[in-house]
Amino acid sequence: ACWQGGVPFEFGRELFPSDFERFEPIALGAAERLPVLNAVGIQTLINGPIPVSADGEPVMGLAPELDNFFVACGFTAGIAASGGAGLAMANWITQGDPGMDLWPFDIRRFARQQANRRYLAERSSEAYGNYYSIHWPVEELASARGARRSPLYDTLKARGAVYGSKAGWERPNWFRLPGSLAEERPSFLERPGWFEAVAAEHRAVRERVALIDLTSFSKFELAGSGAFAALQRIVANDLDRPVGSCVYTQCCNERGGIEADLTVMRLAEDRFYIVTGSQFGIRDAGWLRRHLPDGLELREVTGALAVIDLAGPRAREVLAAVSDDDVSDAALPYLSGREIEIGLGRAFAARIGYVGELGYELHVPVEHAAHVYEELRRAGEAHGIADVGYRALDTLRLEKGYVYWSSEVSPEIDPFSAGLGFAVALGKGPFIGRDALLRIREQGPARRLVTLGIDGFAPLVGGEVVLLDGRPVGSTTSAGFGYTVGHTVAFAFLPAALAKEERFEIEAYGQRWPVWRGRRALYDPKGERLRA
């Protein structure tokens with residue numbers, strides 16, 4: 001890569017000198033494939049810099065740290081994207097919205113830490129080098145790693161954590177079983193190398209108790225006079241609940257599409273703690289700030305707090321063993337949270353989770369994180385406690401029918417289509433997107449998210465076509481193996497008129513798998529285990 005410190009100011013609309021010696025191996029190979037080149041020859045060589053982003057995809061949208069400054073760059077294959085990119089940017093500039101879901105290209109997909117010049121130099125070089133390589137399911141990049149680490153990083157690595165990265169964070173994807181040689185073996189059709197290790201983690205959550213390091217969550221605080229009224233107008237669910245309540249909600253645009261998928265915890269009358277996914281912090285914070293009135297400041301606290309998820313049917317027993325506070329169901333019911341002591345440390349314990357079991361998200365000051373983890377691990381040994389990574393988290397949420405922003409929900413998907421109508425409080429008063437959501441509820445959504453089951457193991461990851469009577473009717477959004485239900489699970493959006501059909505097929509890799517429509521939540525559909 002050239003210009004690792006940035007493009008020189010004096011470099012303008014110009015090319016590099018021709019370098020036929022470097023081009024010779026390419027030319028010889030081309031002439032072997034196209035012999036006519038030996039006759040006509042190559043008269044002119046155009047040698048210019050190719051713009052490559054940190055993930056090889058274009059960078060588009062409103063720069064989050066500037067006002068009214070739009071970006072459209074990094075088009076490695078610029079000609080191919082030019083028409084659509086021009087239309088999207090024109091919409092973005094004139095209407096404030098690109099008119100389509102452009103999250104894979106959105107500048108807000110990158111965290112601020114990923115703007116580091118050395119990070120960009122390493123990642124863009126790897127992205128360029130692999131641009132035409134085969135890209136495997138859930139593959140991880142190797143460059144520019146290790147900059148953002150949880151306080152538990154070394155502890156979990158010693159316990160066998162195999163790390164991946166998201167928004168610059170190192171996150172445990174899965175844990176090696178003792179004596180196992182399992183590895184990240186790339187494959188499209190076979191079971192991945194980590195299949196059995198993730199199965200063991202999945203079972204630990206369902207049957208016993210587990211710890212999941214969720215420190216990479218993006219976390220924010222909003223406090224001050226008018227904070228409640230401002231948030232109440234921005235989010236779709238009703239925040240008018242007692243202090244200590246945890247509310248799952250979406251932020252919708254004026255069309256009813258989902259711009260953000262959040263958990264909001266009420267710490268005081270006008271003080272709120274807001275949690276979103278690791279990669280969505282810049283985007284979601286930008287949406288909130290854009291709609292906050294003057295005088296209110298959204299403050300990021302991601303780096304100040306670790307998050308340890310204690311989940312499983314024995315989670316309460318473990319937590320009670322390390323805390324002198326009352327953590328019974330009566331004192332800390334589902335969808336509530338409060339500060340408790342754990343060992344010699346403290347945490348805000350939120351009775352929520354993403355795995356469908358009794359659980360507590362423990363939001364811990366970073367200086368207490370290692371101690372709190374050790375206390376929980378020690379107390380959990382008698383219950384067969386395990387460490388769990390993000391691959392198992394995904395299989396657990398698939399069985400529960402839980403959605404993921406950028407897969408199942410996006411600015412083009414409304415809550416009713418995604419089965420999230422329970423999180424929309426149309427009767428609370430005005431909020432962004434309310435009029436559109438009223439119309440959608442009255443008319444019914446045009447498409448619906450359904451859960452599909454495939455007997456046994458099928459190598460599906462999302463994005464596969466769904467067929468009915470041999471014709472395409474939709475595509476999957478997420479897919480994976482459900483270790484508790486014992487078969488592959490896939491989510492897909494289907495036309496509302498077809499959502500009640502029972503039998504479909506999914507086509508991938510030249511094969512077709514018979515699939516059946518199941519309940520939205522294949523596991524514990526009434527949510528009884530969450531409220532245990």
# chains A, B, ... in the order shown; residues from 1 in each chain; ligands from 1

call {"tool": "closest_atom_pairs", "arguments": {"of": "range 484-527 of chain A", "to": "range 197-215 of chain A", "cutoff": "12 Å", "atoms": "only C-alpha atoms", "output": "JSON lines"}}
result
{"residue": "A:Thr484", "atom": "CA", "partner": "A:Arg203", "partner_atom": "CA", "distance": 7.3}
{"residue": "A:Val485", "atom": "CA", "partner": "A:Arg203", "partner_atom": "CA", "distance": 11.0}
{"residue": "A:Gly486", "atom": "CA", "partner": "A:Ala199", "partner_atom": "CA", "distance": 10.4}
{"residue": "A:Tyr523", "atom": "CA", "partner": "A:Arg206", "partner_atom": "CA", "distance": 10.3}
{"residue": "A:Asp524", "atom": "CA", "partner": "A:Arg206", "partner_atom": "CA", "distance": 10.9}

call {"tool": "select_by_dssp", "arguments": {"residues": "range 21-102 of chain A", "states": "helix (DSSP H, G or I)", "output": "PyMOL selection string"}}
result
chain A and resi 21-33+36-40+78-95

call {"tool": "closest_atom_pairs", "arguments": {"of": "range 272-312 of chain A", "to": "range 217-241 of chain A", "cutoff": "7 Å", "atoms": "only C-alpha atoms", "output": "Markdown table"}}
result
| residue | atom | partner | partner_atom | distance |
| --- | --- | --- | --- | --- |
| A:Phe272 | CA | A:Leu222 | CA | 5.2 |
| A:Tyr273 | CA | A:Glu221 | CA | 4.6 |
| A:Ile274 | CA | A:Phe220 | CA | 5.1 |
| A:Val275 | CA | A:Lys219 | CA | 4.7 |
| A:Thr276 | CA | A:Ser218 | CA | 5.3 |
| A:Gly277 | CA | A:Phe217 | CA | 5.1 |
| A:Ser278 | CA | A:Phe217 | CA | 4.5 |
| A:Gly281 | CA | A:Ser218 | CA | 5.1 |
| A:His291 | CA | A:Ile234 | CA | 7.0 |
| A:Leu292 | CA | A:Ala230 | CA | 6.1 |
| A:Leu296 | CA | A:Gly224 | CA | 6.5 |
| A:Glu297 | CA | A:Leu222 | CA | 6.5 |
| A:Leu298 | CA | A:Leu222 | CA | 4.9 |
| A:Arg299 | CA | A:Glu221 | CA | 5.2 |
| A:Glu300 | CA | A:Phe220 | CA | 4.3 |
| A:Val301 | CA | A:Phe220 | CA | 5.3 |
| A:Thr302 | CA | A:Lys219 | CA | 4.6 |

call {"tool": "write_last_selection", "arguments": {"atoms": "N, CA and C atoms", "output": "mmCIF file, in the first residue's frame"}}
result
data_model
loop_
_atom_site.group_PDB
_atom_site.id
_atom_site.type_symbol
_atom_site.label_atom_id
_atom_site.label_comp_id
_atom_site.auth_asym_id
_atom_site.auth_seq_id
_atom_site.Cartn_x
_atom_site.Cartn_y
_atom_site.Cartn_z
ATOM 1 N N PHE A 272 -30.856 7.963 31.623
ATOM 2 C CA PHE A 272 -31.053 6.704 30.920
ATOM 3 C C PHE A 272 -29.709 6.139 30.455
ATOM 4 N N TYR A 273 -29.641 4.822 30.481
ATOM 5 C CA TYR A 273 -28.468 4.081 30.026
ATOM 6 C C TYR A 273 -28.904 3.289 28.795
ATOM 7 N N ILE A 274 -28.206 3.473 27.673
ATOM 8 C CA ILE A 274 -28.637 2.935 26.380
ATOM 9 C C ILE A 274 -27.560 1.997 25.852
ATOM 10 N N VAL A 275 -27.974 0.785 25.454
ATOM 11 C CA VAL A 275 -27.028 -0.242 25.012
ATOM 12 C C VAL A 275 -27.414 -0.712 23.615
ATOM 13 N N THR A 276 -26.411 -0.831 22.749
ATOM 14 C CA THR A 276 -26.627 -1.341 21.396
ATOM 15 C C THR A 276 -25.445 -2.216 21.004
ATOM 16 N N GLY A 277 -25.467 -2.760 19.779
ATOM 17 C CA GLY A 277 -24.444 -3.693 19.344
ATOM 18 C C GLY A 277 -23.087 -3.050 19.152
ATOM 19 N N SER A 278 -22.061 -3.894 19.130
ATOM 20 C CA SER A 278 -20.680 -3.416 19.056
ATOM 21 C C SER A 278 -20.437 -2.519 17.852
ATOM 22 N N GLY A 281 -22.608 1.483 17.321
ATOM 23 C CA GLY A 281 -22.511 2.634 18.208
ATOM 24 C C GLY A 281 -22.514 3.968 17.487
ATOM 25 N N HIS A 291 -31.754 13.819 16.747
ATOM 26 C CA HIS A 291 -33.137 14.093 17.141
ATOM 27 C C HIS A 291 -33.276 14.583 18.576
ATOM 28 N N LEU A 292 -32.151 14.777 19.259
ATOM 29 C CA LEU A 292 -32.209 15.342 20.612
ATOM 30 C C LEU A 292 -32.325 16.859 20.549
ATOM 31 N N LEU A 296 -29.271 18.798 25.585
ATOM 32 C CA LEU A 296 -29.095 17.417 26.033
ATOM 33 C C LEU A 296 -27.912 16.799 25.290
ATOM 34 N N GLU A 297 -27.038 16.152 26.030
ATOM 35 C CA GLU A 297 -25.843 15.559 25.434
ATOM 36 C C GLU A 297 -25.831 14.058 25.699
ATOM 37 N N LEU A 298 -25.669 13.297 24.633
ATOM 38 C CA LEU A 298 -25.516 11.855 24.737
ATOM 39 C C LEU A 298 -24.034 11.558 24.973
ATOM 40 N N ARG A 299 -23.739 10.887 26.071
ATOM 41 C CA ARG A 299 -22.347 10.642 26.461
ATOM 42 C C ARG A 299 -22.013 9.165 26.303
ATOM 43 N N GLU A 300 -20.940 8.881 25.554
ATOM 44 C CA GLU A 300 -20.540 7.480 25.391
ATOM 45 C C GLU A 300 -19.750 7.004 26.605
ATOM 46 N N VAL A 301 -20.083 5.804 27.092
ATOM 47 C CA VAL A 301 -19.406 5.225 28.258
ATOM 48 C C VAL A 301 -18.912 3.807 27.947
ATOM 49 N N THR A 302 -18.766 3.500 26.653
ATOM 50 C CA THR A 302 -18.383 2.145 26.255
ATOM 51 C C THR A 302 -17.115 1.684 26.950
#

call {"tool": "atom_distance", "arguments": {"atom1": "CA of Leu310 in chain A", "atom2": "CA of Ala167 in chain A"}}
result
23.4 Å

call {"tool": "residues_around", "arguments": {"residues": "range 92-94 of chain A", "least_positions_apart": "2", "cutoff": "10 Å", "atoms": "only C-alpha atoms", "output": "ChimeraX atom specification"}}
result
/A:60-62,68-70,86-90,96-100

call {"tool": "write_last_selection", "arguments": {"atoms": "N, CA, C and O atoms", "output": "short mmCIF file (atom, residue, chain, number, x, y, z; two decimals), in the first residue's frame"}}
result
data_model
loop_
_atom_site.label_atom_id
_atom_site.label_comp_id
_atom_site.auth_asym_id
_atom_site.auth_seq_id
_atom_site.Cartn_x
_atom_site.Cartn_y
_atom_site.Cartn_z
N MET A 60 -19.62 5.32 2.15
CA MET A 60 -20.61 6.28 1.69
C MET A 60 -21.40 6.86 2.87
O MET A 60 -21.56 6.22 3.90
N GLY A 61 -21.88 8.09 2.69
CA GLY A 61 -22.79 8.66 3.66
C GLY A 61 -22.31 9.94 4.29
O GLY A 61 -21.27 10.50 3.93
N LEU A 62 -23.09 10.41 5.25
CA LEU A 62 -22.80 11.64 5.97
C LEU A 62 -21.73 11.38 7.02
O LEU A 62 -21.91 10.52 7.89
N ASN A 68 -23.10 18.20 7.43
CA ASN A 68 -23.40 18.39 6.00
C ASN A 68 -22.21 18.08 5.10
O ASN A 68 -22.02 18.69 4.05
N PHE A 69 -21.38 17.10 5.51
CA PHE A 69 -20.23 16.69 4.71
C PHE A 69 -20.43 15.23 4.33
O PHE A 69 -20.45 14.35 5.18
N PHE A 70 -20.60 14.98 3.02
CA PHE A 70 -20.90 13.64 2.56
C PHE A 70 -19.68 12.99 1.92
O PHE A 70 -18.85 13.67 1.31
N GLY A 86 -24.42 6.92 -7.43
CA GLY A 86 -24.85 8.29 -7.72
C GLY A 86 -26.27 8.55 -7.28
O GLY A 86 -26.58 9.59 -6.68
N LEU A 87 -27.17 7.60 -7.56
CA LEU A 87 -28.56 7.74 -7.15
C LEU A 87 -28.67 7.80 -5.62
O LEU A 87 -29.37 8.65 -5.07
N ALA A 88 -27.97 6.87 -4.93
CA ALA A 88 -28.04 6.84 -3.47
C ALA A 88 -27.51 8.13 -2.86
O ALA A 88 -28.11 8.68 -1.92
N MET A 89 -26.39 8.64 -3.38
CA MET A 89 -25.82 9.85 -2.81
C MET A 89 -26.72 11.06 -3.08
O MET A 89 -26.86 11.94 -2.23
N ALA A 90 -27.33 11.11 -4.27
CA ALA A 90 -28.26 12.21 -4.56
C ALA A 90 -29.44 12.18 -3.59
O ALA A 90 -29.86 13.22 -3.07
N GLY A 96 -31.98 13.33 2.74
CA GLY A 96 -31.53 12.90 4.06
C GLY A 96 -31.53 11.40 4.25
O GLY A 96 -31.34 10.89 5.35
N ASP A 97 -31.75 10.64 3.16
CA ASP A 97 -31.85 9.19 3.24
C ASP A 97 -31.45 8.62 1.87
O ASP A 97 -31.86 9.17 0.84
N PRO A 98 -30.67 7.53 1.82
CA PRO A 98 -30.25 7.02 0.51
C PRO A 98 -31.35 6.36 -0.29
O PRO A 98 -31.17 6.07 -1.48
N GLY A 99 -32.49 6.07 0.35
CA GLY A 99 -33.58 5.42 -0.36
C GLY A 99 -33.45 3.92 -0.44
O GLY A 99 -34.28 3.26 -1.08
N MET A 100 -32.44 3.36 0.19
CA MET A 100 -32.22 1.91 0.20
C MET A 100 -31.32 1.59 1.39
O MET A 100 -30.66 2.47 1.95
#

call {"tool": "closest_residue", "arguments": {"among": "A:Ala508, A:Ala260, A:Ile50, A:Ile308", "to": "Ile282 in chain A", "atoms": "only C-alpha atoms"}}
result
A:Ala260

call {"tool": "closest_atom_pairs", "arguments": {"of": "range 341-394 of chain A", "to": "range 182-196 of chain A", "cutoff": "12 Å", "atoms": "only C-alpha atoms", "output": "JSON lines"}}
result
{"residue": "A:Gly389", "atom": "CA", "partner": "A:Trp194", "partner_atom": "CA", "distance": 11.2}
{"residue": "A:Tyr390", "atom": "CA", "partner": "A:Trp194", "partner_atom": "CA", "distance": 11.9}
{"residue": "A:Arg391", "atom": "CA", "partner": "A:Trp194", "partner_atom": "CA", "distance": 9.0}
{"residue": "A:Ala392", "atom": "CA", "partner": "A:Phe195", "partner_atom": "CA", "distance": 9.6}

call {"tool": "residues_around", "arguments": {"residues": "range 369-383 of chain A", "least_positions_apart": "2", "cutoff": "12 Å", "atoms": "only C-alpha atoms", "output": "number ranges by chain"}}
result
A: 150-156, 159, 204-205, 207-215, 304-323, 340-348, 360, 362-367, 385-387

call {"tool": "closest_residue", "arguments": {"among": "A:Gln43, A:Ser406, A:Ser180, A:Ser125", "to": "Phe105 in chain A", "atoms": "only C-alpha atoms"}}
result
A:Ser406

call {"tool": "select_by_dssp", "arguments": {"residues": "range 149-374 of chain A", "states": "strand (DSSP E or B)", "output": "ChimeraX atom specification"}}
result
/A:161-166,169-175,210-213,218-223,235,245-252,258-268,271-276,298-300,305-311,336-342,345-350,359-365

call {"tool": "residues_around", "arguments": {"residues": "Ser124 in chain A", "least_positions_apart": "3", "cutoff": "12 Å", "atoms": "only C-alpha atoms", "output": "VMD selection string"}}
result
chain A and resid 1 to 4 50 to 58 74 76 114 to 121 127 to 131 141 to 144

call {"tool": "write_last_selection", "arguments": {"atoms": "N, CA, C and O atoms", "output": "short mmCIF file (atom, residue, chain, number, x, y, z; two decimals), in the first residue's frame"}}
result
data_model
loop_
_atom_site.label_atom_id
_atom_site.label_comp_id
_atom_site.auth_asym_id
_atom_site.auth_seq_id
_atom_site.Cartn_x
_atom_site.Cartn_y
_atom_site.Cartn_z
N ALA A 1 0.85 -1.19 0.00
CA ALA A 1 0.00 0.00 0.00
C ALA A 1 0.88 1.24 0.00
O ALA A 1 1.91 1.29 0.67
N CYS A 2 0.47 2.24 -0.75
CA CYS A 2 1.22 3.50 -0.76
C CYS A 2 0.54 4.50 0.16
O CYS A 2 -0.63 4.36 0.51
N TRP A 3 1.29 5.49 0.58
CA TRP A 3 0.76 6.60 1.39
C TRP A 3 0.10 6.11 2.69
O TRP A 3 -1.05 6.39 2.97
N GLN A 4 0.85 5.35 3.47
CA GLN A 4 0.28 4.84 4.71
C GLN A 4 -0.03 5.96 5.70
O GLN A 4 -0.84 5.79 6.60
N ILE A 50 -5.44 2.58 -6.58
CA ILE A 50 -6.79 2.05 -6.41
C ILE A 50 -7.22 2.32 -4.97
O ILE A 50 -6.53 1.91 -4.03
N PRO A 51 -8.36 2.98 -4.78
CA PRO A 51 -8.81 3.26 -3.41
C PRO A 51 -9.42 2.01 -2.78
O PRO A 51 -10.32 1.39 -3.35
N VAL A 52 -8.92 1.63 -1.62
CA VAL A 52 -9.41 0.45 -0.92
C VAL A 52 -9.68 0.82 0.54
O VAL A 52 -8.82 1.39 1.20
N SER A 53 -10.87 0.48 1.01
CA SER A 53 -11.21 0.76 2.41
C SER A 53 -10.71 -0.36 3.31
O SER A 53 -10.12 -1.34 2.85
N ALA A 54 -10.98 -0.23 4.59
CA ALA A 54 -10.50 -1.22 5.57
C ALA A 54 -11.17 -2.57 5.41
O ALA A 54 -10.64 -3.57 5.91
N ASP A 55 -12.30 -2.64 4.75
CA ASP A 55 -12.93 -3.95 4.50
C ASP A 55 -13.16 -4.22 3.02
O ASP A 55 -13.83 -5.18 2.66
N GLY A 56 -12.60 -3.37 2.17
CA GLY A 56 -12.69 -3.58 0.74
C GLY A 56 -13.98 -3.09 0.10
O GLY A 56 -14.14 -3.20 -1.11
N GLU A 57 -14.89 -2.54 0.89
CA GLU A 57 -16.16 -2.07 0.37
C GLU A 57 -16.18 -0.53 0.32
O GLU A 57 -15.42 0.12 1.03
N PRO A 58 -17.04 0.04 -0.52
CA PRO A 58 -17.12 1.51 -0.58
C PRO A 58 -17.47 2.13 0.76
O PRO A 58 -18.02 1.48 1.66
N GLY A 74 -13.61 4.97 -1.93
CA GLY A 74 -13.27 3.58 -1.70
C GLY A 74 -13.89 2.62 -2.69
O GLY A 74 -14.05 1.44 -2.41
N THR A 76 -13.38 0.37 -5.15
CA THR A 76 -12.35 -0.42 -5.81
C THR A 76 -12.79 -0.81 -7.21
O THR A 76 -11.99 -0.86 -8.14
N GLN A 114 -11.18 2.70 14.27
CA GLN A 114 -10.80 2.13 12.99
C GLN A 114 -10.35 3.19 11.98
O GLN A 114 -9.98 2.83 10.85
N ALA A 115 -10.36 4.44 12.39
CA ALA A 115 -9.81 5.50 11.54
C ALA A 115 -8.32 5.71 11.80
O ALA A 115 -7.69 6.54 11.16
N ASN A 116 -7.77 4.95 12.74
CA ASN A 116 -6.33 5.00 13.01
C ASN A 116 -5.56 4.72 11.73
O ASN A 116 -5.86 3.76 11.00
N ARG A 117 -4.53 5.50 11.42
CA ARG A 117 -3.85 5.39 10.13
C ARG A 117 -3.11 4.06 9.97
O ARG A 117 -3.07 3.49 8.88
N ARG A 118 -2.54 3.55 11.05
CA ARG A 118 -1.87 2.26 10.94
C ARG A 118 -2.90 1.14 10.75
O ARG A 118 -2.66 0.18 10.00
N TYR A 119 -4.02 1.26 11.44
CA TYR A 119 -5.10 0.29 11.25
C TYR A 119 -5.53 0.28 9.79
O TYR A 119 -5.66 -0.77 9.17
N LEU A 120 -5.76 1.47 9.23
CA LEU A 120 -6.20 1.57 7.84
C LEU A 120 -5.17 1.00 6.88
O LEU A 120 -5.52 0.32 5.91
N ALA A 121 -3.89 1.26 7.14
CA ALA A 121 -2.84 0.76 6.26
C ALA A 121 -2.82 -0.77 6.27
O ALA A 121 -2.74 -1.42 5.22
N ALA A 127 -7.31 -6.27 2.73
CA ALA A 127 -8.54 -6.28 1.93
C ALA A 127 -8.21 -6.28 0.44
O ALA A 127 -8.84 -6.99 -0.35
N TYR A 128 -7.21 -5.50 0.05
CA TYR A 128 -6.82 -5.46 -1.36
C TYR A 128 -6.23 -6.78 -1.81
O TYR A 128 -6.54 -7.32 -2.88
N GLY A 129 -5.36 -7.36 -0.97
CA GLY A 129 -4.73 -8.62 -1.30
C GLY A 129 -5.72 -9.77 -1.44
O GLY A 129 -5.49 -10.71 -2.20
N ASN A 130 -6.83 -9.68 -0.69
CA ASN A 130 -7.83 -10.76 -0.72
C ASN A 130 -9.06 -10.42 -1.54
O ASN A 130 -10.06 -11.14 -1.49
N TYR A 131 -8.99 -9.33 -2.31
CA TYR A 131 -10.19 -8.84 -2.97
C TYR A 131 -10.82 -9.89 -3.89
O TYR A 131 -12.05 -10.04 -3.93
N LEU A 141 -10.57 -11.50 9.51
CA LEU A 141 -9.35 -10.92 8.98
C LEU A 141 -8.26 -10.98 10.05
O LEU A 141 -8.53 -10.97 11.25
N ALA A 142 -7.01 -11.07 9.59
CA ALA A 142 -5.89 -11.30 10.51
C ALA A 142 -5.14 -10.03 10.88
O ALA A 142 -4.45 -9.98 11.91
N SER A 143 -5.25 -8.98 10.07
CA SER A 143 -4.44 -7.77 10.28
C SER A 143 -5.10 -6.82 11.28
O SER A 143 -6.29 -6.92 11.56
N ALA A 144 -4.30 -5.90 11.78
CA ALA A 144 -4.78 -4.81 12.66
C ALA A 144 -5.62 -5.34 13.81
O ALA A 144 -6.71 -4.84 14.09
#

call {"tool": "closest_residue", "arguments": {"among": "A:Gly160, A:Gly429, A:Gly518, A:Pro411", "to": "Phe175 in chain A", "atoms": "only C-alpha atoms"}}
result
A:Gly160

call {"tool": "residues_around", "arguments": {"residues": "Gly482 in chain A", "least_positions_apart": "3", "cutoff": "8 Å", "atoms": "only C-alpha atoms", "output": "PyMOL selection string"}}
result
chain A and resi 395-396+398-399+485-489
